[in-house]
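Asker: One structure coming up, written as structure tokens, with questions to follow.
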Amino acid sequence: MAQLSLGESRWRAVRRVLRKRRFGPADCRNGTRHDQKDFDWLVANGLFVPVGGGLYELTDKGKAAADLGFYEWEPGHRDWSPRRSKKG
């Protein structure tokens with residue numbers, strides 16, 4: 001496993017909800033145009049998990065990443081990157 005950096009905007013989103021039991025996407029907004037893309041990335045990579053009713057919880061992986069801004073990445077895991085674009 002490798003340790004990769006979350007990047008500042010994603011790390012700030014995780015830190016905003018660190019002490020909340022359940023939260024919505026608006027609770028972790030940074031006020032940038034990439035907020036939804038970063039939120040979707042955090043859900044897809046297992047740092048946030050949906051609990052129903054539009055609410056989410058921080059996972060153990062997310063709590064560990066909140067400390068220093070690094071997360072565990074496993075090769076072969078679905079690599080979802082928001083930078084990919086479809087050119088049509």
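Ordering of the structure tokens sets the chain letters (A, B, ...), residue numbers begin anew at 1 in every chain, and ligands are numbered from 1 in the order given.
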What lies within 12 Å of Gln36 in chain A using only C-alpha atoms, ignoring chain neighbours under 3 positions off, as a VMD selection string?

Answerer: chain A and resid 9 to 10 13 24 to 33 39 to 43 82

Asker: Would you mind exporting the chosen residues as a tab-separated table (two decimals), in the first residue's frame, restricted to N, CA, C and O atoms?

Answerer:
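In the end it all went to out-v1.tsv:
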chain	number	residue	atom	x	y	z
A	9	SER	N	-7.54	20.98	-0.59
A	9	SER	CA	-8.99	21.19	-0.58
A	9	SER	C	-9.74	19.96	-0.06
A	9	SER	O	-10.70	20.09	0.70
A	10	ARG	N	-9.30	18.77	-0.43
A	10	ARG	CA	-9.95	17.55	0.08
A	10	ARG	C	-9.66	17.37	1.57
A	10	ARG	O	-10.52	16.94	2.33
A	13	ALA	N	-11.90	19.55	3.55
A	13	ALA	CA	-13.27	19.01	3.58
A	13	ALA	C	-13.39	17.93	4.65
A	13	ALA	O	-14.37	17.88	5.39
A	24	GLY	N	-24.01	16.38	5.76
A	24	GLY	CA	-24.40	16.47	4.37
A	24	GLY	C	-23.27	17.09	3.56
A	24	GLY	O	-22.31	17.62	4.13
A	25	PRO	N	-23.38	17.08	2.24
A	25	PRO	CA	-22.32	17.66	1.40
A	25	PRO	C	-22.06	19.14	1.70
A	25	PRO	O	-20.93	19.61	1.59
A	26	ALA	N	-23.09	19.87	2.09
A	26	ALA	CA	-22.92	21.31	2.38
A	26	ALA	C	-22.07	21.55	3.62
A	26	ALA	O	-21.45	22.61	3.76
A	27	ASP	N	-22.00	20.58	4.52
A	27	ASP	CA	-21.24	20.76	5.76
A	27	ASP	C	-19.73	20.74	5.55
A	27	ASP	O	-18.99	21.22	6.40
A	28	CYS	N	-19.27	20.19	4.44
A	28	CYS	CA	-17.83	20.12	4.21
A	28	CYS	C	-17.38	21.00	3.05
A	28	CYS	O	-16.26	20.85	2.55
A	29	ARG	N	-18.21	21.94	2.65
A	29	ARG	CA	-17.85	22.84	1.54
A	29	ARG	C	-16.71	23.76	1.91
A	29	ARG	O	-16.63	24.28	3.00
A	30	ASN	N	-15.84	23.99	0.93
A	30	ASN	CA	-14.74	24.93	1.08
A	30	ASN	C	-15.04	26.26	0.40
A	30	ASN	O	-14.29	27.21	0.56
A	31	GLY	N	-16.09	26.32	-0.37
A	31	GLY	CA	-16.42	27.54	-1.08
A	31	GLY	C	-15.67	27.69	-2.39
A	31	GLY	O	-15.40	28.80	-2.83
A	32	THR	N	-15.33	26.57	-3.01
A	32	THR	CA	-14.66	26.61	-4.31
A	32	THR	C	-15.53	25.92	-5.34
A	32	THR	O	-16.48	25.21	-5.01
A	33	ARG	N	-15.18	26.08	-6.59
A	33	ARG	CA	-15.97	25.47	-7.65
A	33	ARG	C	-15.76	23.96	-7.74
A	33	ARG	O	-16.50	23.28	-8.42
A	39	PHE	N	-15.98	16.19	-3.16
A	39	PHE	CA	-16.87	15.38	-2.31
A	39	PHE	C	-17.11	14.01	-2.95
A	39	PHE	O	-17.03	12.99	-2.28
A	40	ASP	N	-17.38	14.00	-4.25
A	40	ASP	CA	-17.60	12.73	-4.96
A	40	ASP	C	-16.35	11.85	-4.90
A	40	ASP	O	-16.44	10.63	-4.75
A	41	TRP	N	-15.17	12.46	-5.00
A	41	TRP	CA	-13.92	11.71	-4.92
A	41	TRP	C	-13.75	11.08	-3.54
A	41	TRP	O	-13.34	9.93	-3.41
A	42	LEU	N	-14.08	11.84	-2.49
A	42	LEU	CA	-13.97	11.32	-1.13
A	42	LEU	C	-14.92	10.15	-0.87
A	42	LEU	O	-14.57	9.20	-0.19
A	43	VAL	N	-16.11	10.21	-1.45
A	43	VAL	CA	-17.06	9.10	-1.33
A	43	VAL	C	-16.55	7.90	-2.13
A	43	VAL	O	-16.55	6.76	-1.64
A	82	PRO	N	-11.02	12.56	-10.84
A	82	PRO	CA	-11.89	13.58	-11.40
A	82	PRO	C	-11.27	14.30	-12.58
A	82	PRO	O	-11.93	15.03	-13.28

Asker: Can you tell me which residues surround Val49 in chain A at a distance of at most 7 Å, considering only C-alpha atoms, apart from same-chain residues fewer than 6 positions away, and format the answer as a ChimeraX atom specification?

Answerer: /A:43,56-59

Asker: Work out how far CA of His34 in chain A is from CA of Gly62 in chain A, in Å to one decimal.

Answerer: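 Between these atoms lies a distance of 19.0 Å.
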
Asker: Tell me, in Å to one decimal, how far CA of Ala66 in chain A is from CA of Gly54 in chain A.

Answerer: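 Computing it gives 22.0 Å between the two atoms.
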
Asker: Could you give me, as a PyMOL selection string, the residues within 10 Å of Leu68 in chain A, counting only C-alpha atoms and dropping anything in the same chain fewer than 2 positions from it?

Answerer: chain A and resi 5-6+11+63-66+70-71

Asker: Could you state the separation of CA of Arg19 in chain A and CA of Lys37 in chain A in Å, given to one decimal place?

Answerer: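 CA of Lys37 in chain A lies at a distance of 22.3 Å from CA of Arg19 in chain A.
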
Asker: From the set A:Arg15, A:Leu47, A:Ala2, A:Glu72, which residue has the shortest atom-to-atom contact distance to Asp60 in chain A, counting only C-alpha atoms?

Answerer: A:Leu47

Asker: When you count only C-alpha atoms, which of these residues is closest to Phe48 in chain A: A:Pro75, A:Arg12, A:Gly69, A:Lys61?

Answerer: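 Among the listed residues, A:Lys61 lies closest to Phe48 in chain A.
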